[in-house]
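Engineer: Next comes query-v7.txt, compact mmCIF, C-alpha atoms:
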```txt
# COMPACT_ATOMS: atom_id res chain seq x y z
CA MET A 1186 25.77 3.07 -10.20
CA LYS A 1187 22.11 2.08 -10.04
CA ARG A 1188 22.75 -0.57 -7.41
CA SER A 1189 24.72 1.87 -5.29
CA LEU A 1190 21.99 4.50 -5.64
CA LEU A 1191 19.36 2.08 -4.41
CA ALA A 1192 21.49 0.81 -1.57
CA PHE A 1193 22.18 4.43 -0.61
CA LEU A 1194 18.51 5.32 -0.74
CA GLY A 1195 17.58 2.30 1.32
CA SER A 1196 20.03 3.29 3.99
CA LEU A 1197 18.75 6.86 3.80
CA LEU A 1198 15.15 5.92 4.40
CA LEU A 1199 15.95 3.68 7.33
CA ALA A 1200 18.24 6.32 8.76
CA VAL A 1201 15.61 9.04 8.36
CA LEU A 1202 13.18 6.94 10.31
CA SER A 1203 15.68 6.14 13.01
CA MET A 1204 16.69 9.76 13.43
CA THR A 1205 13.36 11.42 14.10
CA PRO A 1206 13.57 13.62 17.21
CA ALA A 1207 13.75 11.47 20.30
CA ALA A 1208 10.99 13.31 22.06
CA ALA A 1209 8.61 12.49 19.24
CA SER A 1210 9.76 9.00 18.35
CA PRO A 1211 6.88 6.80 17.27
CA ALA A 1212 6.12 3.79 19.36
CA GLY A 1213 4.28 0.53 18.89
CA PRO A 1214 2.29 0.19 15.69
CA PHE A 1215 3.36 3.63 14.42
CA SER A 1216 6.99 2.58 14.41
CA ALA A 1217 6.19 -0.78 12.81
CA ILE A 1218 4.13 0.81 10.04
CA SER A 1219 6.62 3.61 9.38
CA ASP A 1220 9.57 1.21 9.32
CA GLY A 1221 7.69 -1.14 7.02
CA ASN A 1222 6.68 1.77 4.81
CA ALA A 1223 10.36 2.69 4.44
CA GLY A 1224 11.21 -0.90 3.57
CA LEU A 1225 8.58 -0.91 0.84
CA ALA A 1226 9.84 2.44 -0.45
CA VAL A 1227 13.35 1.04 -0.72
CA GLN A 1228 12.35 -2.05 -2.67
CA LEU A 1229 9.98 -0.21 -4.97
CA TYR A 1230 12.65 2.38 -5.62
CA ARG A 1231 14.92 -0.47 -6.72
CA GLU A 1232 12.34 -1.61 -9.22
CA LEU A 1233 10.95 1.71 -10.43
CA GLY A 1234 14.31 3.46 -10.28
CA ALA A 1235 15.98 0.99 -12.62
CA GLN A 1236 15.19 3.40 -15.45
CA GLU A 1237 17.23 6.59 -15.72
CA GLY A 1238 15.55 9.91 -15.16
CA ASN A 1239 13.18 11.55 -12.71
CA LEU A 1240 11.28 9.47 -10.19
CA PHE A 1241 8.48 10.26 -7.77
CA PHE A 1242 5.90 8.18 -5.93
CA SER A 1243 4.10 7.89 -2.60
CA PRO A 1244 5.06 4.79 -0.65
CA TYR A 1245 2.42 5.69 1.92
CA SER A 1246 -0.39 5.72 -0.64
CA ILE A 1247 0.74 2.35 -1.97
CA SER A 1248 1.08 0.90 1.54
CA SER A 1249 -2.41 2.09 2.42
CA ALA A 1250 -4.10 0.64 -0.66
CA MET A 1251 -2.21 -2.62 -0.33
CA GLY A 1252 -2.97 -2.72 3.40
CA MET A 1253 -6.69 -2.70 2.63
CA THR A 1254 -6.13 -5.42 0.03
CA TYR A 1255 -3.99 -7.47 2.41
CA ALA A 1256 -6.77 -7.35 5.00
CA GLY A 1257 -8.80 -9.67 2.76
CA ALA A 1258 -5.96 -12.11 2.08
CA ARG A 1259 -5.50 -15.43 3.80
CA GLY A 1260 -3.03 -18.32 3.89
CA GLU A 1261 0.00 -18.28 1.60
CA THR A 1262 -1.32 -15.25 -0.29
CA ALA A 1263 -1.34 -13.24 2.93
CA ALA A 1264 2.13 -14.49 3.87
CA GLN A 1265 3.59 -13.44 0.52
CA MET A 1266 1.93 -10.03 0.71
CA LYS A 1267 3.10 -9.42 4.25
CA THR A 1268 6.72 -10.12 3.31
CA THR A 1269 6.67 -8.19 0.03
CA LEU A 1270 4.90 -5.17 1.48
CA HIS A 1271 7.11 -5.12 4.61
CA PHE A 1272 4.11 -5.30 6.92
CA ARG A 1273 5.45 -6.02 10.39
CA LEU A 1274 2.10 -6.44 12.11
CA GLU A 1275 -0.62 -9.03 11.87
CA GLN A 1276 -3.73 -7.94 10.00
CA ALA A 1277 -5.80 -6.77 12.96
CA SER A 1278 -2.95 -4.74 14.44
CA LEU A 1279 -2.01 -3.33 11.05
CA ASN A 1280 -5.56 -2.14 10.40
CA SER A 1281 -5.75 -0.49 13.80
CA GLY A 1282 -2.30 1.02 13.32
CA PHE A 1283 -3.22 2.59 9.98
CA ARG A 1284 -6.32 4.15 11.53
CA SER A 1285 -4.31 5.75 14.34
CA LEU A 1286 -1.40 6.80 12.13
CA ASN A 1287 -3.67 8.45 9.57
CA LYS A 1288 -5.23 10.47 12.37
CA ILE A 1289 -1.84 11.55 13.72
CA LEU A 1290 -0.52 12.50 10.27
CA TYR A 1291 -3.61 14.61 9.66
CA GLU A 1292 -3.41 16.29 13.07
CA ASN A 1293 0.31 16.99 12.71
CA ALA A 1294 -0.25 18.74 9.40
CA ARG A 1295 -3.35 20.62 10.58
CA SER A 1296 -1.70 21.84 13.77
CA SER A 1297 1.11 23.39 11.73
CA GLY A 1298 -1.22 24.98 9.19
CA GLN A 1299 -0.48 22.56 6.33
CA ARG A 1300 -2.97 20.57 4.26
CA LEU A 1301 -2.73 16.80 4.25
CA SER A 1302 -5.61 14.56 3.35
CA ILE A 1303 -5.61 10.77 3.10
CA ALA A 1304 -8.71 9.16 1.63
CA ASN A 1305 -9.69 5.54 0.98
CA ALA A 1306 -12.51 3.92 -0.93
CA LEU A 1307 -13.94 0.61 -2.07
CA VAL A 1308 -15.75 0.84 -5.39
CA LEU A 1309 -17.99 -2.09 -6.21
CA THR A 1310 -17.62 -2.54 -9.96
CA GLY A 1311 -19.31 -5.91 -10.25
CA ASP A 1312 -20.31 -8.36 -7.57
CA SER A 1313 -20.07 -7.52 -3.87
CA VAL A 1314 -17.85 -8.45 -0.96
CA SER A 1315 -18.77 -9.62 2.52
CA ASP A 1316 -20.29 -7.28 5.10
CA ALA A 1317 -17.40 -8.13 7.44
CA TYR A 1318 -14.83 -6.92 4.90
CA ARG A 1319 -16.82 -3.77 4.14
CA ASN A 1320 -17.20 -3.00 7.85
CA MET A 1321 -13.48 -3.49 8.40
CA LEU A 1322 -12.63 -0.99 5.65
CA THR A 1323 -15.03 1.64 6.96
CA THR A 1324 -13.98 1.12 10.59
CA TYR A 1325 -10.20 1.15 10.20
CA TYR A 1326 -9.61 2.97 6.92
CA ASP A 1327 -12.61 5.30 6.92
CA ALA A 1328 -13.25 4.02 3.40
CA ALA A 1329 -16.11 5.33 1.31
CA ILE A 1330 -18.03 2.45 -0.28
CA PHE A 1331 -20.05 2.95 -3.44
CA ARG A 1332 -20.93 1.32 -6.74
CA GLY A 1333 -19.51 2.62 -9.98
CA GLY A 1334 -17.28 2.25 -13.00
CA LEU A 1335 -14.40 4.16 -14.54
CA GLU A 1336 -16.17 7.51 -14.41
CA GLU A 1337 -16.92 7.25 -10.70
CA ILE A 1338 -13.45 5.88 -9.87
CA ASN A 1339 -11.56 8.57 -11.75
CA GLY A 1340 -13.94 11.27 -10.52
CA TRP A 1341 -13.31 10.27 -6.89
CA VAL A 1342 -9.54 10.35 -7.40
CA LYS A 1343 -9.70 13.73 -9.13
CA THR A 1344 -11.72 15.19 -6.28
CA LYS A 1345 -9.54 13.75 -3.51
CA THR A 1346 -6.31 14.95 -5.16
CA GLU A 1347 -7.64 18.46 -5.81
CA GLY A 1348 -7.61 17.83 -9.55
CA LYS A 1349 -3.91 16.99 -9.70
CA ILE A 1350 -4.60 13.42 -10.79
CA ASP A 1351 -7.56 13.29 -13.13
CA ARG A 1352 -7.38 9.59 -14.08
CA ILE A 1353 -6.04 6.58 -12.21
CA LEU A 1354 -7.49 3.82 -14.38
CA GLU A 1355 -7.90 3.60 -18.14
CA GLN A 1356 -9.98 0.44 -18.20
CA LEU A 1357 -11.66 -2.20 -16.07
CA SER A 1358 -11.70 -5.92 -16.62
CA ALA A 1359 -14.91 -7.47 -17.87
CA ASN A 1360 -14.70 -9.61 -14.72
CA SER A 1361 -14.04 -6.71 -12.36
CA VAL A 1362 -15.44 -7.17 -8.85
CA CYS A 1363 -14.15 -4.11 -6.99
CA VAL A 1364 -11.44 -1.46 -6.93
CA ILE A 1365 -9.62 -0.46 -3.76
CA LEU A 1366 -8.49 3.17 -3.81
CA ASN A 1367 -6.20 5.43 -1.84
CA ALA A 1368 -5.56 9.10 -2.52
CA ILE A 1369 -3.18 11.40 -0.67
CA TYR A 1370 -2.89 15.15 -1.09
CA PHE A 1371 -0.38 17.50 0.52
CA LYS A 1372 0.04 21.25 0.25
CA GLY A 1373 2.74 22.74 2.41
CA VAL A 1374 3.92 26.31 2.77
CA TRP A 1375 7.60 26.86 3.43
CA GLU A 1376 8.46 28.20 6.84
CA SER A 1377 10.68 30.63 4.93
CA GLN A 1378 9.15 31.38 1.54
CA PHE A 1379 11.19 32.25 -1.52
CA ASP A 1380 10.73 35.74 -2.99
CA LYS A 1381 9.46 35.47 -6.57
CA LYS A 1382 11.44 38.59 -7.46
CA LEU A 1383 14.64 36.65 -6.81
CA THR A 1384 13.73 33.72 -9.08
CA PHE A 1385 15.97 33.59 -12.14
CA ASP A 1386 16.70 31.35 -15.13
CA GLY A 1387 19.96 29.45 -15.06
CA PRO A 1388 21.63 26.20 -16.10
CA PHE A 1389 20.89 22.92 -14.34
CA ARG A 1390 24.07 20.95 -14.91
CA LEU A 1391 23.94 17.29 -15.93
CA PRO A 1392 26.78 14.75 -15.92
CA GLY A 1393 28.60 14.77 -19.25
CA GLY A 1394 28.78 18.54 -19.57
CA ILE A 1395 25.17 19.10 -20.61
CA ASP A 1396 23.17 22.03 -19.26
CA VAL A 1397 19.41 22.51 -19.31
CA LYS A 1398 17.76 25.85 -18.63
CA THR A 1399 15.51 26.01 -15.58
CA SER A 1400 14.11 28.51 -13.08
CA PHE A 1401 15.89 28.72 -9.75
CA MET A 1402 14.42 30.06 -6.55
CA HIS A 1403 16.71 31.84 -4.11
CA ARG A 1404 16.45 32.71 -0.47
CA LYS A 1405 18.89 33.52 2.30
CA ALA A 1406 17.41 32.43 5.63
CA GLU A 1407 17.92 30.28 8.71
CA PHE A 1408 18.07 26.56 7.93
CA LYS A 1409 19.63 23.38 9.27
CA LEU A 1410 22.54 22.53 6.97
CA LEU A 1411 25.05 19.73 7.32
CA GLU A 1412 28.34 20.25 5.49
CA GLU A 1413 30.39 17.12 4.76
CA LYS A 1414 33.48 16.77 2.60
CA ASP A 1415 31.66 15.70 -0.57
CA PHE A 1416 28.00 16.54 0.01
CA GLN A 1417 25.49 18.77 1.77
CA VAL A 1418 22.21 17.92 3.45
CA LEU A 1419 19.59 20.63 3.82
CA SER A 1420 16.33 20.54 5.78
CA LEU A 1421 13.62 22.80 4.37
CA PRO A 1422 10.83 22.91 6.97
CA TYR A 1423 7.24 23.67 6.20
CA LYS A 1424 5.42 26.05 8.53
CA GLY A 1425 5.06 24.63 11.99
CA GLY A 1426 8.07 22.34 11.63
CA THR A 1427 6.06 19.11 11.65
CA LEU A 1428 6.82 18.32 8.01
CA SER A 1429 9.94 18.97 6.02
CA MET A 1430 11.72 18.34 2.76
CA VAL A 1431 15.23 16.93 2.99
CA VAL A 1432 17.51 17.52 -0.01
CA LEU A 1433 20.72 15.56 -0.54
CA LEU A 1434 23.15 17.39 -2.79
CA PRO A 1435 26.61 16.24 -3.95
CA LYS A 1436 29.15 19.05 -4.22
CA THR A 1437 30.07 18.17 -7.80
CA VAL A 1438 27.89 17.62 -10.86
CA ASP A 1439 28.95 13.99 -11.20
CA GLY A 1440 29.25 13.40 -7.47
CA LEU A 1441 26.07 11.42 -6.95
CA ALA A 1442 27.70 8.10 -7.85
CA ARG A 1443 30.58 8.71 -5.43
CA LEU A 1444 28.16 9.77 -2.71
CA GLU A 1445 26.15 6.61 -3.21
CA ASP A 1446 29.23 4.40 -3.17
CA ALA A 1447 30.74 6.00 -0.09
CA LEU A 1448 27.75 6.05 2.26
CA TYR A 1449 26.28 3.19 4.27
CA ALA A 1450 23.57 2.99 6.89
CA GLU A 1451 25.96 3.70 9.74
CA ASP A 1452 27.30 6.80 7.99
CA LEU A 1453 23.81 8.01 7.17
CA LYS A 1454 22.64 7.58 10.73
CA GLY A 1455 25.59 9.62 11.84
CA TRP A 1456 25.13 12.58 9.51
CA LEU A 1457 21.35 12.59 9.84
CA ALA A 1458 21.84 12.70 13.59
CA ARG A 1459 24.22 15.60 13.09
CA LEU A 1460 21.74 17.31 10.77
CA ASP A 1461 18.99 17.12 13.39
CA LYS A 1462 21.37 18.57 15.97
CA GLN A 1463 22.59 21.44 13.79
CA ARG A 1464 21.67 24.88 14.96
CA ASN A 1465 19.86 27.03 12.43
CA GLN A 1466 22.30 29.13 10.46
CA LYS A 1467 22.01 31.57 7.61
CA VAL A 1468 22.18 29.71 4.30
CA SER A 1469 21.88 31.04 0.76
CA VAL A 1470 19.68 28.43 -0.92
CA TYR A 1471 19.21 27.94 -4.66
CA LEU A 1472 16.57 25.36 -5.54
CA PRO A 1473 14.99 24.70 -8.93
CA LYS A 1474 11.29 25.11 -9.39
CA PHE A 1475 9.98 21.87 -10.78
CA LYS A 1476 6.88 19.87 -11.50
CA LEU A 1477 6.74 16.09 -11.94
CA GLU A 1478 3.91 13.80 -12.99
CA THR A 1479 4.52 10.06 -12.95
CA LYS A 1480 2.56 6.85 -13.44
CA TYR A 1481 3.45 3.26 -12.73
CA ASP A 1482 2.05 -0.23 -13.19
CA LEU A 1483 2.97 -2.08 -10.01
CA VAL A 1484 1.98 -5.64 -10.88
CA ALA A 1485 5.34 -6.67 -12.35
CA PRO A 1486 7.41 -5.04 -9.56
CA PHE A 1487 5.36 -6.74 -6.86
CA GLN A 1488 5.58 -10.08 -8.62
CA LYS A 1489 9.35 -9.72 -8.82
CA MET A 1490 9.44 -8.78 -5.15
CA GLY A 1491 7.70 -12.00 -4.11
CA MET A 1492 3.94 -11.53 -4.43
CA LYS A 1493 3.22 -14.48 -6.70
CA ASP A 1494 -0.16 -15.93 -5.79
CA ALA A 1495 -2.11 -12.66 -5.46
CA PHE A 1496 -2.30 -12.13 -9.24
CA SER A 1497 -3.69 -15.50 -10.29
CA PRO A 1498 -6.40 -18.02 -9.39
CA ALA A 1499 -3.92 -19.36 -6.84
CA ALA A 1500 -4.87 -16.36 -4.70
CA ASP A 1501 -6.71 -16.69 -1.43
CA PHE A 1502 -8.75 -13.57 -0.72
CA SER A 1503 -11.35 -15.43 1.26
CA GLY A 1504 -11.26 -12.64 3.84
CA THR A 1505 -13.39 -10.62 1.41
CA GLY A 1506 -16.12 -13.24 1.42
CA TRP A 1507 -15.00 -14.88 -1.84
CA ARG A 1508 -13.86 -18.48 -2.02
CA LYS A 1509 -10.16 -19.24 -2.42
CA GLY A 1510 -9.25 -19.13 -6.11
CA ASP A 1511 -12.26 -17.05 -7.13
CA LEU A 1512 -10.82 -13.56 -6.57
CA TRP A 1513 -7.38 -12.09 -7.37
CA ILE A 1514 -5.65 -8.81 -8.22
CA GLY A 1515 -6.06 -7.78 -11.85
CA GLN A 1516 -4.12 -4.49 -11.85
CA ILE A 1517 -2.36 -2.04 -9.53
CA LYS A 1518 -1.89 1.48 -10.85
CA HIS A 1519 -0.13 4.37 -9.15
CA ARG A 1520 0.11 7.99 -10.23
CA ALA A 1521 1.85 10.88 -8.48
CA PHE A 1522 2.28 14.62 -8.84
CA VAL A 1523 4.60 17.14 -7.19
CA GLU A 1524 5.24 20.83 -7.75
CA VAL A 1525 7.87 22.81 -5.86
CA ASN A 1526 7.75 26.61 -6.09
CA GLU A 1527 8.36 29.78 -4.10
CA GLU A 1528 5.38 29.29 -1.78
CA GLY A 1529 5.98 25.65 -0.93
CA THR A 1530 5.12 22.20 -2.20
CA GLU A 1531 1.99 20.60 -3.60
CA ALA A 1532 1.98 16.84 -3.98
CA ALA A 1533 -0.62 14.19 -4.65
CA ALA A 1534 -0.74 10.48 -5.34
CA ALA A 1535 -3.34 7.81 -5.94
CA THR A 1536 -3.22 4.03 -5.95
CA ALA A 1537 -5.85 1.71 -7.40
CA VAL A 1538 -6.03 -2.06 -6.88
CA GLU A 1539 -8.57 -3.83 -9.07
CA MET A 1540 -9.83 -7.18 -7.85
CA VAL A 1541 -11.10 -9.52 -10.55
CA THR A 1542 -12.63 -12.96 -10.74
CA LYS A 1543 -12.46 -15.67 -13.39
CA SER A 1544 -13.85 -15.06 -16.24
CA ALA A 1545 36.50 27.78 7.44
CA PRO A 1546 36.72 31.70 7.98
CA PRO A 1547 33.23 33.09 8.12
CA ARG A 1548 31.70 32.76 4.71
CA GLU A 1549 28.29 32.72 3.11
CA LEU A 1550 26.86 29.22 3.23
CA VAL A 1551 25.42 28.21 -0.12
CA PHE A 1552 23.21 25.29 -1.12
CA ARG A 1553 22.96 25.39 -4.92
CA ALA A 1554 20.87 22.49 -6.20
CA ASP A 1555 21.76 22.99 -9.85
CA HIS A 1556 22.52 19.34 -10.56
CA PRO A 1557 20.82 15.98 -9.84
CA PHE A 1558 19.58 15.45 -6.31
CA MET A 1559 17.20 13.34 -4.24
CA PHE A 1560 14.42 14.61 -2.02
CA LEU A 1561 11.70 13.34 0.29
CA ILE A 1562 8.79 14.70 2.26
CA ARG A 1563 8.47 13.26 5.73
CA ASP A 1564 6.36 13.63 8.83
CA ASN A 1565 8.98 14.41 11.42
CA GLU A 1566 7.07 13.10 14.42
CA THR A 1567 6.23 9.62 13.15
CA GLY A 1568 9.04 9.29 10.63
CA THR A 1569 6.53 8.42 7.91
CA ILE A 1570 7.81 8.88 4.36
CA LEU A 1571 4.90 10.47 2.51
CA PHE A 1572 6.64 11.07 -0.82
CA ILE A 1573 10.08 10.35 -2.28
CA GLY A 1574 11.82 11.08 -5.54
CA ARG A 1575 14.83 12.24 -7.45
CA MET A 1576 15.29 15.26 -9.69
CA ALA A 1577 17.54 14.15 -12.54
CA ASN A 1578 16.47 16.67 -15.18
CA PRO A 1579 13.93 19.44 -14.56
CA ALA A 1580 13.46 19.89 -18.31
CA LYS A 1581 11.91 16.43 -18.66
```
Rewrite the coordinates I just gave you, this time as structure tokens.

Structural biologist:
Amino acid sequence: MKRSLLAFLGSLLLAVLSMTPAAASPAGPFSAISDGNAGLAVQLYRELGAQEGNLFFSPYSISSAMGMTYAGARGETAAQMKTTLHFRLEQASLNSGFRSLNKILYENARSSGQRLSIANALVLTGDSVSDAYRNMLTTYYDAAIFRGGLEEINGWVKTKTEGKIDRILEQLSANSVCVILNAIYFKGVWESQFDKKLTFDGPFRLPGGIDVKTSFMHRKAEFKLLEEKDFQVLSLPYKGGTLSMVVLLPKTVDGLARLEDALYAEDLKGWLARLDKQRNQKVSVYLPKFKLETKYDLVAPFQKMGMKDAFSPAADFSGTGWRKGDLWIGQIKHRAFVEVNEEGTEAAAATAVEMVTKSAPPRELVFRADHPFMFLIRDNETGTILFIGRMANPAK
């Protein structure tokens, strides 16, 4: 089941990217970065999703932090990172692409009245890095550069995520040189908000006949809904229509496995295309309120995915001004937060990379998400996956 879930999700992400509205399809570096971001999301989901239960992370935050790290890599280390991270551009083009894409993502959210902030930083925790590397980070990633330790690092993350993530690192190596940081914060208001008076407690049904009590929001409004034989796909737009949440819901409690097994990339492209072309229709939506907080150590997943040299003295990060073999990655931590309620969605994530040295007839349409489902938050214009997760049990 897990393999089919991951294959399904991989196809989903690629299909989502391929099915952004034609008039707003990204071109050039935007497309390369968004496609690569989806590829990274798929592989990380395979690793992080191996455990049962809820899952939530920001592939874009991770891509951004690792992009800044990759900019200092050279030789075989850079080659391994490029493949593992699904970077489809050379370093100079990737840096320039991130700068432009960050601007577009911000403008898309701002123009529709939503809040999206993406912040980067380089914290010098020990020795320094070259002026060229520092200038590159400030020029292309608008990175703040300052000296500090755990207090300054965690304080920066807390500020940039509006207090949703208060700590990203628990400790620093005695041989710490610097920490590369990314923080992303999103607060979106539904285009059609849910009335709090209609929120009620009910059972969220789990496979095996187990129910857990949770709060469900309810609203009857105009949405894009795709009805297939065994599943439904609902698009919940945020105000302005630039960003949206897509929810994939099997029609039976234990239908997720069958949905995963039955769908392939070609199928997904087809029904996502049909979803985008659906006219808005009145749908009675039931969606659980939920809040998730997650944290991950990404060293082992990246090593398994092919980044071998970057975590040992075999690393070549000479692009930072350090000699080959003198600087490598000591830890990569990622934390994420999401809350979905009647008003909309609030989500945040942070990634820290520490560099160390030695040392039918008319009927009411219903979308009742009262059993496990997957969801993602995407920028519709560029196809960028900002956040992705699954809700397996809202009581956890």

Engineer: Output as JSON the centre and edge lengths (Å, one decimal) of the box along x, y and z of the file that holds every listed atom of segment 1334-1344 of chain A after adding 8 Å on each side.

Structural biologist:
```
{"center_x": -13.4, "center_y": 8.7, "center_z": -10.4, "size_x": 23.7, "size_y": 28.9, "size_z": 24.3}
```

Engineer: Could you please determine the separation between atom CA of Val1362 of chain A and atom CA of Gly1348 of chain A in Å, to one decimal place?

Structural biologist: 26.2 Å

Engineer: How many Å lie between atom CA of Phe1371 of chain A and atom CA of Glu1531 of chain A, rounded to one decimal?

Structural biologist: 5.7 Å

Engineer: Of the residues A:Asp1564, A:Glu1413, A:Asp1511, A:Asp1327, which is the one nearest to Val1314 of chain A, using all atoms listed in the file?

Structural biologist: A:Asp1511

Engineer: Could you give me, as a PyMOL selection string, the residues that have an atom at most 12 Å away from the point (-1.3, -12.9, 3.3) in the coordinates of the file, using all atoms listed in the file?

Structural biologist: chain A and resi 1251-1276+1491-1495+1500-1504

Engineer: Which residue gives the smallest distance to Tyr1245 of chain A among A:Phe1572, A:Phe1401, A:Phe1522, A:Phe1385, with only C-alpha atoms counted?

Structural biologist: A:Phe1572
